Amino acid sequence: MFWKSTQPTAAAAAPALSPVAQPVTPTLKPAPPALWQRWEPVLRELGHYVLQSEVHTYSFSVAANAILSFFPFVVLLLSVTLNVLHSRRMYEVVVQLLQDYLPTNQDFVIRNLKMLAENQHGVQLFGIVMLLITSTGVFLPLEVALNRVWGFPKNRSYLWNQIVSLGLALGVGMLALGSVAVTALNHRALEIILLGHNDNYVFHLLAHTMMKVAAVFASVAIFFLIYWILPNGKISVRSVAPAAVLTGFCWEAAKNFYIFILPWLNFKESYGPFSTSVTLIFYAFFSGMLLLAGARLSAAGHERRLKQRAMSTL
């Protein structure tokens, strides 16, 4: 007798797999881009920006006015430390900073600046007025350039720009004076620690290091004020602070590189006795280019964050 078993077979016992239960091959996440791949578009765009003719125009304008304001600013700083604050130590710190930051003919420039400052009894009003006029000439083209970088369509009126420029000039002066005061205090503390032995290699090395650190911090703060206050629009601190730090350190490195390549530029053969002025003008020009490049870098980072935020909300 044939009979059919009621026991289910193995094939029948196994339930059919639903489409949901089908094994899914895991998808591998793409590897994060390498460091060069992340920075390559930014550097390419930055290179395209600094090669624009208007950027060079702004930088040359800034350089010319910076040279006009540099000498009155230094004379004023020397006069304030010597004749107002009566601090010989701060006066010497200013001289050391000039020795370190001037790219060429330091002794000649410093000797003449000291003669101007030491022959003044008090701070001359004309020097202050001249400094304020020339410093506003520095910030006027910078505001136009920074507005273009950030896409702000309207520049400030001439009067309002003068007010902002005067405020920035005073802020830069106070930062410079504060950096000098901190360096002088550090030198005094170092003398106390070393029991008055201030004429040896250890003291000079530590004093020079402290001076450089204070100067770099002052440079970063100056770049931050320019990036944050000068454009005619609202900019967050987060957008400009990293660029200010990067620009401050790059400016220090660029200064050393410029001093290193000066012998190959050979300005003395081309310009003779005017080589010092030409050297300072080119130094100010490259500084202006670096300042604008840092501003463009901060604007590009801000745009990239806005795009990422918009993509995350989709």
# chains A, B, ... in the order shown; residues from 1 in each chain; ligands from 1
$ select_by_dssp --residues "range 53-191 of chain A" --states "alpha helix (DSSP H)" --output "ChimeraX atom specification"
/A:53-79,88-101,106-118,125-150,158-191
$ residues_around --residues "Gly233 in chain A" --least-positions-apart "3" --cutoff "9 Å" --atoms "only C-alpha atoms" --output "PyMOL selection string"
chain A and resi 147+150+152+154+229-230
$ write_last_selection --atoms "N, CA and C atoms" --output "compact mmCIF listing (two decimals), in the first residue's frame"
# COMPACT_ATOMS: atom_id res chain seq x y z
N ASN A 147 35.65 93.75 1.12
CA ASN A 147 34.24 93.68 0.71
C ASN A 147 34.07 92.83 -0.54
N TRP A 150 34.34 89.08 0.52
CA TRP A 150 33.17 88.55 1.21
C TRP A 150 31.87 88.74 0.44
N PHE A 152 30.31 91.62 -0.13
CA PHE A 152 29.47 92.71 0.36
C PHE A 152 29.38 93.78 -0.73
N LYS A 154 28.26 96.89 -0.93
CA LYS A 154 28.35 98.32 -0.68
C LYS A 154 29.51 98.63 0.26
N ILE A 229 36.66 93.55 11.64
CA ILE A 229 36.03 94.87 11.74
C ILE A 229 35.95 95.59 10.40
N LEU A 230 36.98 95.45 9.57
CA LEU A 230 37.08 96.31 8.39
C LEU A 230 36.02 96.03 7.31
$ residues_around --residues "range 257-262 of chain A" --least-positions-apart "4" --cutoff "9 Å" --atoms "only C-alpha atoms" --output "list in words"
Leu102, Pro103, Thr104, Glu252, Ala253, Asn266, Phe267, Thr279 and Tyr283 of chain A
$ residues_around --residues "Asn65 in chain A" --least-positions-apart "3" --cutoff "7 Å" --atoms "only C-alpha atoms" --output "count of residues only"
8
$ residues_around --residues "Thr57 in chain A" --least-positions-apart "4" --cutoff "10 Å" --atoms "only C-alpha atoms" --output "list of chain:residue names"
A:Gln52, A:Ser53, A:Ser61, A:Val62, A:Ala63, A:Pro141, A:Ala145, A:Phe285, A:Met289
$ residues_around --residues "Ser165 in chain A" --least-positions-apart "6" --cutoff "12 Å" --atoms "only C-alpha atoms" --output "list of chain:residue names"
A:Leu131, A:Leu132, A:Ile133, A:Thr134, A:Ser135, A:Thr136, A:Gly137, A:Val138, A:Phe139, A:Leu140, A:Pro141, A:Leu142, A:Glu143, A:Arg156, A:Ser157, A:Tyr158, A:Leu159, A:Gly171, A:Val172, A:Leu225, A:Ile226, A:Ile229, A:Leu230, A:Pro231
$ write_last_selection --atoms "N, CA and C atoms" --output "PDB file, in the first residue's frame"
ATOM      1  N   LEU A 131      50.290 110.440  11.005  1.00  0.00           N
ATOM      2  CA  LEU A 131      50.094 109.003  11.167  1.00  0.00           C
ATOM      3  C   LEU A 131      48.641 108.618  10.929  1.00  0.00           C
ATOM      4  N   LEU A 132      47.714 109.388  11.463  1.00  0.00           N
ATOM      5  CA  LEU A 132      46.307 109.071  11.294  1.00  0.00           C
ATOM      6  C   LEU A 132      45.889 109.195   9.833  1.00  0.00           C
ATOM      7  N   ILE A 133      46.391 110.207   9.129  1.00  0.00           N
ATOM      8  CA  ILE A 133      46.039 110.384   7.717  1.00  0.00           C
ATOM      9  C   ILE A 133      46.565 109.226   6.877  1.00  0.00           C
ATOM     10  N   THR A 134      47.823 108.867   7.069  1.00  0.00           N
ATOM     11  CA  THR A 134      48.410 107.799   6.266  1.00  0.00           C
ATOM     12  C   THR A 134      47.839 106.432   6.631  1.00  0.00           C
ATOM     13  N   SER A 135      47.490 106.235   7.898  1.00  0.00           N
ATOM     14  CA  SER A 135      46.929 104.939   8.288  1.00  0.00           C
ATOM     15  C   SER A 135      45.547 104.731   7.687  1.00  0.00           C
ATOM     16  N   THR A 136      44.768 105.806   7.566  1.00  0.00           N
ATOM     17  CA  THR A 136      43.468 105.650   6.902  1.00  0.00           C
ATOM     18  C   THR A 136      43.651 105.324   5.428  1.00  0.00           C
ATOM     19  N   GLY A 137      44.763 105.792   4.842  1.00  0.00           N
ATOM     20  CA  GLY A 137      45.056 105.406   3.463  1.00  0.00           C
ATOM     21  C   GLY A 137      45.365 103.927   3.322  1.00  0.00           C
ATOM     22  N   VAL A 138      45.837 103.310   4.388  1.00  0.00           N
ATOM     23  CA  VAL A 138      46.069 101.861   4.362  1.00  0.00           C
ATOM     24  C   VAL A 138      44.743 101.107   4.400  1.00  0.00           C
ATOM     25  N   PHE A 139      43.830 101.539   5.260  1.00  0.00           N
ATOM     26  CA  PHE A 139      42.600 100.780   5.483  1.00  0.00           C
ATOM     27  C   PHE A 139      41.533 101.028   4.411  1.00  0.00           C
ATOM     28  N   LEU A 140      41.612 102.140   3.696  1.00  0.00           N
ATOM     29  CA  LEU A 140      40.600 102.409   2.677  1.00  0.00           C
ATOM     30  C   LEU A 140      40.631 101.382   1.549  1.00  0.00           C
ATOM     31  N   PRO A 141      41.772 101.133   0.884  1.00  0.00           N
ATOM     32  CA  PRO A 141      41.771 100.081  -0.154  1.00  0.00           C
ATOM     33  C   PRO A 141      41.562  98.688   0.422  1.00  0.00           C
ATOM     34  N   LEU A 142      41.992  98.490   1.682  1.00  0.00           N
ATOM     35  CA  LEU A 142      41.770  97.181   2.286  1.00  0.00           C
ATOM     36  C   LEU A 142      40.288  96.898   2.476  1.00  0.00           C
ATOM     37  N   GLU A 143      39.524  97.913   2.869  1.00  0.00           N
ATOM     38  CA  GLU A 143      38.084  97.690   3.033  1.00  0.00           C
ATOM     39  C   GLU A 143      37.431  97.309   1.706  1.00  0.00           C
ATOM     40  N   ARG A 156      31.596 101.400   2.755  1.00  0.00           N
ATOM     41  CA  ARG A 156      31.223 102.462   3.671  1.00  0.00           C
ATOM     42  C   ARG A 156      31.396 103.824   2.998  1.00  0.00           C
ATOM     43  N   SER A 157      30.695 104.817   3.513  1.00  0.00           N
ATOM     44  CA  SER A 157      30.925 106.181   3.060  1.00  0.00           C
ATOM     45  C   SER A 157      32.326 106.616   3.473  1.00  0.00           C
ATOM     46  N   TYR A 158      32.829 107.664   2.837  1.00  0.00           N
ATOM     47  CA  TYR A 158      34.193 108.109   3.128  1.00  0.00           C
ATOM     48  C   TYR A 158      34.341 108.490   4.599  1.00  0.00           C
ATOM     49  N   LEU A 159      33.370 109.233   5.141  1.00  0.00           N
ATOM     50  CA  LEU A 159      33.459 109.663   6.530  1.00  0.00           C
ATOM     51  C   LEU A 159      33.423 108.478   7.481  1.00  0.00           C
ATOM     52  N   GLY A 171      43.654 100.919  17.616  1.00  0.00           N
ATOM     53  CA  GLY A 171      43.728  99.557  18.128  1.00  0.00           C
ATOM     54  C   GLY A 171      45.056  98.895  17.811  1.00  0.00           C
ATOM     55  N   VAL A 172      45.550  99.099  16.585  1.00  0.00           N
ATOM     56  CA  VAL A 172      46.851  98.539  16.214  1.00  0.00           C
ATOM     57  C   VAL A 172      47.958  99.156  17.068  1.00  0.00           C
ATOM     58  N   LEU A 225      41.656  91.781  13.951  1.00  0.00           N
ATOM     59  CA  LEU A 225      40.886  93.022  13.957  1.00  0.00           C
ATOM     60  C   LEU A 225      40.574  93.484  12.536  1.00  0.00           C
ATOM     61  N   ILE A 226      41.550  93.387  11.650  1.00  0.00           N
ATOM     62  CA  ILE A 226      41.333  93.813  10.262  1.00  0.00           C
ATOM     63  C   ILE A 226      40.295  92.932   9.585  1.00  0.00           C
ATOM     64  N   ILE A 229      36.660  93.555  11.640  1.00  0.00           N
ATOM     65  CA  ILE A 229      36.026  94.872  11.739  1.00  0.00           C
ATOM     66  C   ILE A 229      35.955  95.591  10.398  1.00  0.00           C
ATOM     67  N   LEU A 230      36.979  95.449   9.574  1.00  0.00           N
ATOM     68  CA  LEU A 230      37.075  96.308   8.394  1.00  0.00           C
ATOM     69  C   LEU A 230      36.024  96.029   7.315  1.00  0.00           C
ATOM     70  N   PRO A 231      35.665  94.784   7.010  1.00  0.00           N
ATOM     71  CA  PRO A 231      34.623  94.590   5.984  1.00  0.00           C
ATOM     72  C   PRO A 231      33.299  95.216   6.392  1.00  0.00           C
TER      73      PRO A 231
END
$ atom_distance --atom1 "CA of Lys234 in chain A" --atom2 "CA of Tyr58 in chain A"
22.0 Å
$ atom_distance --atom1 "CA of Pro72 in chain A" --atom2 "CA of Ile128 in chain A"
7.6 Å
$ closest_residue --among "A:Glu269, A:Glu118, A:Glu54, A:Glu191" --to "Thr81 in chain A" --atoms "only C-alpha atoms"
A:Glu118
$ atom_distance --atom1 "CA of Arg305 in chain A" --atom2 "CA of Asn232 in chain A"
20.9 Å
